[in-house]
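model_15.txt (compact mmCIF, C-alpha atoms and all ligand atoms)
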```txt
# COMPACT_ATOMS: atom_id res chain seq x y z
CA MET A 55 0.00 0.00 0.00
CA PRO A 56 1.40 3.45 -0.82
CA ALA A 57 2.45 5.54 2.17
CA ARG A 58 0.03 8.13 3.46
CA ILE A 59 1.32 11.68 3.28
CA LEU A 60 0.72 13.70 6.45
CA ASP A 61 -0.16 17.04 4.89
CA GLY A 62 1.10 19.88 7.08
CA LYS A 63 -0.32 22.60 4.86
CA ALA A 64 -3.85 21.22 5.17
CA ALA A 65 -3.53 20.81 8.96
CA ASN A 66 -2.10 24.33 9.21
CA GLN A 67 -5.11 25.75 7.36
CA GLN A 68 -7.52 23.77 9.54
CA ILE A 69 -5.91 25.11 12.71
CA LEU A 70 -5.87 28.71 11.45
CA ASP A 71 -9.55 28.41 10.47
CA GLU A 72 -10.33 27.22 14.00
CA LEU A 73 -8.39 30.12 15.55
CA LYS A 74 -10.04 32.85 13.44
CA PRO A 75 -13.44 33.02 15.22
CA ARG A 76 -11.73 32.95 18.65
CA ILE A 77 -9.47 35.83 17.61
CA ALA A 78 -12.44 37.82 16.27
CA GLN A 79 -14.36 37.20 19.49
CA LEU A 80 -11.48 38.38 21.66
CA ALA A 81 -10.91 41.43 19.43
CA ALA A 82 -14.60 42.35 19.75
CA ALA A 83 -14.72 41.81 23.52
CA ARG A 84 -11.34 43.33 24.46
CA ARG A 85 -8.68 43.75 21.76
CA ALA A 86 -6.83 41.72 19.15
CA PRO A 87 -4.07 39.41 20.47
CA GLY A 88 -0.63 40.93 19.93
CA LEU A 89 2.63 39.22 18.97
CA ALA A 90 6.05 40.90 18.97
CA VAL A 91 8.73 39.25 16.85
CA VAL A 92 12.29 40.30 17.54
CA LEU A 93 14.81 39.81 14.74
CA VAL A 94 18.47 40.57 15.35
CA GLY A 95 20.75 40.93 12.31
CA ASN A 96 19.85 39.88 8.78
CA ASP A 97 20.15 36.11 8.48
CA PRO A 98 18.15 35.33 5.28
CA ALA A 99 16.48 32.18 6.69
CA SER A 100 15.42 34.06 9.85
CA GLU A 101 14.03 36.90 7.72
CA ILE A 102 11.86 34.42 5.81
CA TYR A 103 10.58 32.82 9.05
CA VAL A 104 9.83 36.19 10.66
CA GLY A 105 8.13 37.45 7.48
CA SER A 106 5.76 34.49 7.36
CA LYS A 107 4.96 34.74 11.09
CA VAL A 108 4.06 38.43 10.76
CA ARG A 109 2.06 37.79 7.57
CA THR A 110 0.06 35.00 9.21
CA CYS A 111 -0.72 37.28 12.20
CA ARG A 112 -2.15 39.87 9.80
CA GLU A 113 -4.20 37.29 7.91
CA LEU A 114 -5.73 36.16 11.20
CA GLY A 115 -6.53 39.69 12.40
CA MET A 116 -3.89 39.64 15.14
CA HIS A 117 -1.78 42.65 16.02
CA SER A 118 1.91 42.14 15.28
CA GLU A 119 5.05 44.15 15.81
CA GLU A 120 8.35 43.41 14.17
CA LEU A 121 11.47 44.70 15.93
CA ARG A 122 14.49 44.63 13.65
CA LEU A 123 17.65 45.19 15.63
CA PRO A 124 21.25 45.48 14.44
CA ASP A 125 23.77 42.65 14.67
CA SER A 126 25.90 44.86 16.92
CA ILE A 127 23.30 44.93 19.74
CA THR A 128 24.61 44.00 23.20
CA THR A 129 22.96 41.52 25.56
CA GLY A 130 22.08 44.43 27.87
CA GLU A 131 20.37 46.40 25.10
CA LEU A 132 18.40 43.37 23.95
CA LEU A 133 17.36 42.63 27.55
CA SER A 134 15.96 46.13 27.92
CA ARG A 135 13.98 45.71 24.65
CA VAL A 136 12.52 42.46 26.01
CA GLN A 137 11.64 44.14 29.31
CA ALA A 138 9.83 46.92 27.42
CA LEU A 139 7.80 44.28 25.56
CA ASN A 140 7.06 42.51 28.87
CA ALA A 141 5.54 45.78 30.11
CA ASP A 142 3.68 46.59 26.87
CA PRO A 143 -0.07 46.05 27.42
CA ALA A 144 -0.74 45.52 23.67
CA ILE A 145 1.65 42.56 23.49
CA ASP A 146 0.63 39.06 24.62
CA GLY A 147 3.39 37.04 22.98
CA ILE A 148 7.11 37.69 22.51
CA LEU A 149 9.21 35.67 20.12
CA VAL A 150 12.94 36.24 19.81
CA GLN A 151 14.04 34.65 16.55
CA MET A 152 16.98 32.28 17.01
CA PRO A 153 19.88 32.07 16.41
CA LEU A 154 21.12 35.30 18.01
CA PRO A 155 24.61 36.63 17.21
CA LYS A 156 27.36 34.74 19.06
CA HIS A 157 28.23 37.64 21.38
CA VAL A 158 24.66 37.78 22.74
CA ASP A 159 23.76 35.60 25.74
CA SER A 160 20.75 33.78 24.24
CA ARG A 161 19.84 32.02 27.50
CA ALA A 162 19.71 35.32 29.39
CA VAL A 163 17.45 36.79 26.69
CA LEU A 164 15.05 33.82 26.69
CA ASP A 165 14.96 33.81 30.50
CA ALA A 166 14.07 37.52 30.53
CA ILE A 167 10.80 36.98 28.62
CA ASP A 168 7.76 37.11 30.91
CA PRO A 169 6.69 33.40 31.15
CA GLY A 170 3.11 34.53 30.47
CA LYS A 171 4.23 36.02 27.13
CA ASP A 172 6.64 33.20 26.22
CA VAL A 173 4.90 31.83 23.12
CA ASP A 174 7.84 29.58 22.22
CA GLY A 175 7.63 27.74 25.54
CA PHE A 176 11.40 28.02 26.09
CA HIS A 177 11.35 29.82 29.47
CA PRO A 178 12.46 27.51 32.32
CA VAL A 179 9.09 28.00 34.06
CA ASN A 180 7.30 26.73 30.96
CA VAL A 181 9.81 23.91 30.45
CA GLY A 182 8.96 22.87 34.02
CA ARG A 183 5.24 23.05 33.25
CA LEU A 184 5.79 20.81 30.22
CA VAL A 185 7.78 18.23 32.19
CA ALA A 186 5.15 18.25 34.97
CA ASN A 187 2.38 18.02 32.33
CA LEU A 188 0.76 21.22 33.60
CA PRO A 189 -1.02 23.61 31.21
CA GLY A 190 1.25 26.13 29.48
CA PRO A 191 2.69 27.01 26.09
CA ARG A 192 4.35 24.06 24.39
CA PRO A 193 7.30 24.52 21.99
CA CYS A 194 5.70 25.07 18.60
CA THR A 195 7.45 22.45 16.43
CA PRO A 196 6.88 19.40 18.67
CA ALA A 197 3.38 20.66 19.51
CA GLY A 198 2.75 20.82 15.75
CA VAL A 199 3.91 17.24 15.33
CA MET A 200 1.42 16.11 18.00
CA GLU A 201 -1.38 18.01 16.20
CA LEU A 202 -0.46 16.39 12.91
CA LEU A 203 -0.55 12.91 14.47
CA ARG A 204 -3.86 13.64 16.21
CA ARG A 205 -5.53 15.14 13.15
CA ASN A 206 -4.49 12.13 11.07
CA GLY A 207 -5.88 9.68 13.61
CA ILE A 208 -2.47 8.18 14.42
CA GLU A 209 -2.62 6.55 17.85
CA VAL A 210 0.37 7.30 20.10
CA LYS A 211 -0.64 5.40 23.23
CA GLY A 212 1.44 2.26 23.77
CA LYS A 213 3.56 2.84 20.64
CA ARG A 214 7.36 2.67 20.56
CA ALA A 215 8.45 6.21 19.63
CA VAL A 216 12.07 6.97 18.78
CA ILE A 217 13.30 10.54 18.45
CA VAL A 218 16.67 11.30 16.88
CA GLY A 219 17.94 14.66 18.21
CA ARG A 220 17.82 15.97 21.77
CA SER A 221 17.73 19.75 21.33
CA ASP A 222 15.83 21.93 23.80
CA ILE A 223 13.73 23.24 20.91
CA VAL A 224 12.62 19.99 19.27
CA GLY A 225 13.95 16.65 20.56
CA LYS A 226 13.51 17.00 24.33
CA PRO A 227 10.04 18.60 24.31
CA MET A 228 8.98 16.09 21.61
CA ALA A 229 9.96 13.27 23.97
CA MET A 230 7.89 14.80 26.79
CA LEU A 231 4.81 15.34 24.63
CA LEU A 232 4.92 11.76 23.30
CA LEU A 233 5.51 10.43 26.82
CA HIS A 234 2.51 12.35 28.17
CA GLN A 235 0.43 10.68 25.42
CA HIS A 236 1.67 7.31 26.73
CA ALA A 237 4.19 6.37 24.05
CA THR A 238 7.26 4.39 25.11
CA VAL A 239 9.94 6.90 24.23
CA THR A 240 13.59 6.51 23.25
CA LEU A 241 15.61 9.71 22.78
CA CYS A 242 18.70 9.30 20.57
CA HIS A 243 21.60 11.64 19.84
CA SER A 244 25.11 11.75 18.39
CA ARG A 245 26.52 9.37 21.01
CA THR A 246 23.81 6.71 20.64
CA ALA A 247 25.65 3.40 20.17
CA ASP A 248 23.49 1.73 17.52
CA LEU A 249 21.39 4.45 15.93
CA PRO A 250 20.06 2.36 13.00
CA GLY A 251 19.08 -0.42 15.43
CA GLU A 252 17.34 1.95 17.85
CA SER A 253 15.56 3.74 15.00
CA ARG A 254 14.38 0.49 13.41
CA ARG A 255 12.51 -0.35 16.62
CA ALA A 256 10.31 2.72 16.13
CA GLU A 257 6.65 2.53 15.28
CA ILE A 258 6.79 6.34 15.30
CA LEU A 259 10.16 7.76 14.22
CA VAL A 260 10.90 11.48 14.60
CA ALA A 261 14.05 12.89 13.00
CA ALA A 262 15.25 16.29 14.27
CA ILE A 263 18.95 16.27 13.50
CA GLY A 264 19.87 18.86 10.88
CA ARG A 265 21.68 16.39 8.56
CA THR A 266 20.41 16.03 5.01
CA GLY A 267 18.84 12.62 4.34
CA MET A 268 20.81 10.93 7.13
CA ILE A 269 17.98 8.57 8.06
CA THR A 270 18.04 5.98 5.26
CA GLU A 271 16.38 2.60 4.74
CA ASP A 272 18.58 0.96 7.41
CA PHE A 273 16.90 3.13 10.05
CA ILE A 274 13.24 2.68 9.07
CA ALA A 275 11.09 -0.31 10.00
CA PRO A 276 8.62 -1.09 7.21
CA GLY A 277 5.26 0.40 8.18
CA ALA A 278 6.63 2.98 10.61
CA VAL A 279 5.14 6.47 10.85
CA VAL A 280 8.01 8.81 10.01
CA ILE A 281 8.06 12.46 11.05
CA ASP A 282 10.81 14.48 9.41
CA VAL A 283 11.48 17.75 11.22
CA GLY A 284 14.73 18.57 9.40
CA ILE A 285 15.02 21.49 7.01
CA ASN A 286 18.19 21.34 4.88
CA ARG A 287 18.97 23.05 1.59
CA VAL A 288 20.58 20.89 -1.11
CA THR A 289 22.45 22.80 -3.82
CA ASP A 290 24.25 19.88 -5.51
CA ARG A 291 22.21 18.52 -8.44
CA ASP A 292 23.54 14.96 -8.21
CA GLU A 293 22.78 14.82 -4.51
CA ALA A 294 19.27 16.16 -5.14
CA ALA A 295 18.72 13.48 -7.82
CA ARG A 296 19.97 10.74 -5.51
CA LEU A 297 17.83 11.85 -2.58
CA THR A 298 14.63 12.22 -4.57
CA ALA A 299 15.23 9.12 -6.76
CA ASN A 300 15.17 11.54 -9.69
CA ASP A 301 11.60 12.64 -8.97
CA PRO A 302 10.69 14.74 -12.04
CA ALA A 303 8.69 17.38 -10.13
CA ARG A 304 11.37 17.90 -7.50
CA MET A 305 14.16 18.00 -10.07
CA ALA A 306 12.19 20.58 -12.08
CA GLY A 307 12.05 22.62 -8.85
CA PHE A 308 15.81 22.24 -8.48
CA ASP A 309 16.42 23.39 -12.06
CA LYS A 310 14.22 26.43 -11.50
CA ARG A 311 15.66 27.55 -8.15
CA GLY A 312 19.11 25.95 -8.03
CA SER A 313 18.29 24.10 -4.81
CA ILE A 314 15.68 22.01 -3.04
CA VAL A 315 14.82 21.63 0.62
CA VAL A 316 15.24 18.13 2.02
CA GLY A 317 14.67 16.85 5.54
CA ASP A 318 16.78 14.62 7.76
CA VAL A 319 15.17 11.50 6.27
CA HIS A 320 16.06 10.19 2.82
CA PRO A 321 12.84 11.15 0.99
CA ALA A 322 12.74 8.21 -1.45
CA ASP A 323 13.48 5.62 1.28
CA MET A 324 10.85 7.18 3.55
CA ALA A 325 8.17 7.13 0.84
CA ARG A 326 8.98 3.48 0.06
CA LEU A 327 9.04 2.11 3.62
CA ALA A 328 6.82 4.26 5.86
CA SER A 329 3.08 3.70 6.33
CA ALA A 330 2.69 7.48 6.77
CA TYR A 331 5.18 10.33 6.64
CA THR A 332 5.60 14.09 6.61
CA PRO A 333 7.00 15.48 3.35
CA VAL A 334 9.66 18.20 3.38
CA PRO A 335 8.64 20.87 2.60
CA GLY A 336 4.94 20.90 3.50
CA GLY A 337 5.00 18.59 6.52
CA VAL A 338 6.06 19.79 9.97
CA GLY A 339 7.11 23.32 8.92
CA PRO A 340 3.62 24.82 8.39
CA LEU A 341 2.45 23.40 11.73
CA THR A 342 5.14 25.34 13.60
CA ILE A 343 3.57 28.65 12.56
CA ALA A 344 0.04 27.43 13.32
CA MET A 345 1.11 26.48 16.86
CA LEU A 346 2.78 29.86 17.35
CA MET A 347 -0.51 31.54 16.47
CA SER A 348 -2.35 29.20 18.80
CA ASN A 349 0.09 29.90 21.67
CA THR A 350 -0.26 33.66 21.10
CA LEU A 351 -4.06 33.50 21.17
CA GLU A 352 -3.99 31.39 24.33
CA ALA A 353 -1.59 33.81 26.01
CA ALA A 354 -3.96 36.67 25.11
CA GLU A 355 -7.01 34.77 26.36
CA ARG A 356 -5.24 34.06 29.67
CA ARG A 357 -4.40 37.75 30.07
CA LEU A 358 -7.68 39.27 28.91
CA LEU A 359 -10.52 36.92 29.80
P1 LIG B 401 20.22 21.02 16.94
O1 LIG B 401 21.44 21.19 16.10
O2 LIG B 401 19.99 21.91 18.10
O3 LIG B 401 20.18 19.51 17.48
C1 LIG B 401 20.50 18.43 16.64
C2 LIG B 401 20.41 17.14 17.40
O4 LIG B 401 20.73 16.10 16.50
C3 LIG B 401 21.38 17.06 18.57
O5 LIG B 401 20.76 16.49 19.69
C4 LIG B 401 22.50 16.14 18.05
O6 LIG B 401 23.07 15.29 19.02
C5 LIG B 401 21.73 15.27 17.06
N1 LIG B 401 22.65 14.79 16.03
C6 LIG B 401 23.46 15.50 15.24
N2 LIG B 401 24.16 14.70 14.43
C7 LIG B 401 23.81 13.44 14.74
C8 LIG B 401 24.20 12.17 14.26
N3 LIG B 401 25.11 12.03 13.30
N4 LIG B 401 23.64 11.08 14.83
C9 LIG B 401 22.72 11.21 15.80
N5 LIG B 401 22.29 12.40 16.29
C10 LIG B 401 22.85 13.50 15.76
O7 LIG B 401 19.00 21.08 15.92
P2 LIG B 401 17.43 21.45 16.12
O8 LIG B 401 16.78 20.48 17.03
O9 LIG B 401 17.27 22.89 16.39
O10 LIG B 401 16.91 21.21 14.62
C11 LIG B 401 16.98 19.95 14.01
C12 LIG B 401 16.48 20.06 12.59
O11 LIG B 401 15.13 20.47 12.58
C13 LIG B 401 17.21 21.09 11.74
O12 LIG B 401 17.27 20.63 10.40
C14 LIG B 401 16.32 22.31 11.81
O13 LIG B 401 16.45 23.14 10.67
C15 LIG B 401 14.97 21.66 11.83
N6 LIG B 401 13.92 22.47 12.46
C16 LIG B 401 12.73 22.54 11.81
C17 LIG B 401 11.69 23.25 12.35
C18 LIG B 401 10.40 23.26 11.62
O14 LIG B 401 9.61 24.15 11.80
N7 LIG B 401 10.12 22.26 10.78
C19 LIG B 401 11.83 24.01 13.60
C20 LIG B 401 13.09 23.78 14.27
C21 LIG B 401 14.10 23.05 13.69
P3 LIG B 401 23.97 15.84 20.26
O15 LIG B 401 22.99 16.45 21.21
O16 LIG B 401 24.62 14.61 20.78
O17 LIG B 401 24.91 16.84 19.67
```

Would you mind writing the file out in structure tokens?
Ligand code: NDP
Amino acid sequence: MPARILDGKAANQQILDELKPRIAQLAAARRAPGLAVVLVGNDPASEIYVGSKVRTCRELGMHSEELRLPDSITTGELLSRVQALNADPAIDGILVQMPLPKHVDSRAVLDAIDPGKDVDGFHPVNVGRLVANLPGPRPCTPAGVMELLRRNGIEVKGKRAVIVGRSDIVGKPMAMLLLHQHATVTLCHSRTADLPGESRRAEILVAAIGRTGMITEDFIAPGAVVIDVGINRVTDRDEAARLTANDPARMAGFDKRGSIVVGDVHPADMARLASAYTPVPGGVGPLTIAMLMSNTLEAAERRLL
């Protein structure tokens, strides 16, 4: 049977459509929810992410503010910007786009965000709430993965889930969310002794590594559900052809743009072996923005209702 594609764009649209009436209701009763996005420097990928976050806010009728700050900003200056946003009554959510320049203390900046306005769920208070399974904002990418599984009727309870990657942003919170839904969770990383063996045990395999197509057929049990969080740009034509098994549509995209985006899972192997999988692009990525909007609305509802 051909693998089922877990369509992130469709789920994203569904979630946004569900948020719209709640946003309109809050705007009518009190005011529109407000999100501040802080962008330091001019990393092209970060500019694209910030642009689509601000655009989605507008489409939903949310208030958004974009703070573009120079690369030369000091930790102290950035902290005082964050404190001003903490005190701003029109702002319910604050997102500081990562990565920050090397000379800035990222941890200090994230810790300075009011936990009630922390829509990324990275503040230690909210990390604690996640671990304790108490209500609070959940990191957007793993929360998006859970939504995608739920909306596609994929049962998590009792399943063996293996996550490759243990970052604070994706891997660790993903493990917690799956655990709270009663999966039996294995969290792998660069020192895991037998990564293919561990991965092959997975009924649900999540790859969040940042290495193009690293998860190949040796890592995937036939019939597994495979969630590919990775976003990697491939600029070598031969590599693109190998990864996509010369897929005509994807290669046409390569010839047009000079690159394609590929996840951490070998796309052709994943499509051949998985029972269901997230494509890259169009899988997990769109859900991340939807969950950011959802976290912002919930922060506003908590503050205003
Ligand atoms: P990090 O670089 O913070 O973490 C990568 C993790 O992968 C680490 O835990 C690392 O292990 C592990 N790893 C690296 N190499 C190997 C290897 N050879 N074998 C096993 N494990 C390895 O990345 P992020 O979690 O921030 O992001 C991961 C990917 O997801 C990236 O491609 C990123 O672009 C993408 N991403 C996508 C999002 C979306 O919206 N779809 C949002 C966020 C990220 P160790 O800890 O031992 O070093």

*asked:* as an MDAnalysis selection string, please: every protein or nucleic acid residue near ligand LIG 401 (chain B) (cut-off 9 Å, counting only C-alpha atoms and all ligand atoms).
replied: chainID A and resid 194:196 198 218:226 242:246 249 261:266 268 282:286 316:318 334:335 337:343

*Select, from A:Leu359, A:Leu202, A:Val279, A:Val288, the residue with the minimum atom-to-atom distance to Lys63 of chain A, counting all atoms listed in the file.*
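Distance minimum relative to Lys63 of chain A lands on A:Leu202.
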
_6 Å contact set for Ala278 of chain A, all atoms listed in the file, chain neighbours under 5 positions out, as JSON, numbers by chain_ = {"A": [257, 258, 328, 329]}

Write a file of the selected residues as a PDB file, in the coordinates of the input, keeping C-alpha atoms.
```pdb
ATOM      1  CA  GLU A 257       6.650   2.530  15.280  1.00  0.00           C
ATOM      2  CA  ILE A 258       6.790   6.340  15.300  1.00  0.00           C
ATOM      3  CA  ALA A 328       6.820   4.260   5.860  1.00  0.00           C
ATOM      4  CA  SER A 329       3.080   3.700   6.330  1.00  0.00           C
TER       5      SER A 329
END
```

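Closest approach to Gly312 of chain A from the set A:Glu271, A:Asp290, A:Glu113, A:Asp142 is made by A:Asp290, with distances taken over all atoms listed in the file.
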
*For the point (-4.7, 39.2, 23.1) in the file's frame, write as an MDAnalysis selection string all residues with an atom no more than 6 Å away, counting only C-alpha atoms.*
chainID A and resid 86:88 146 354:355
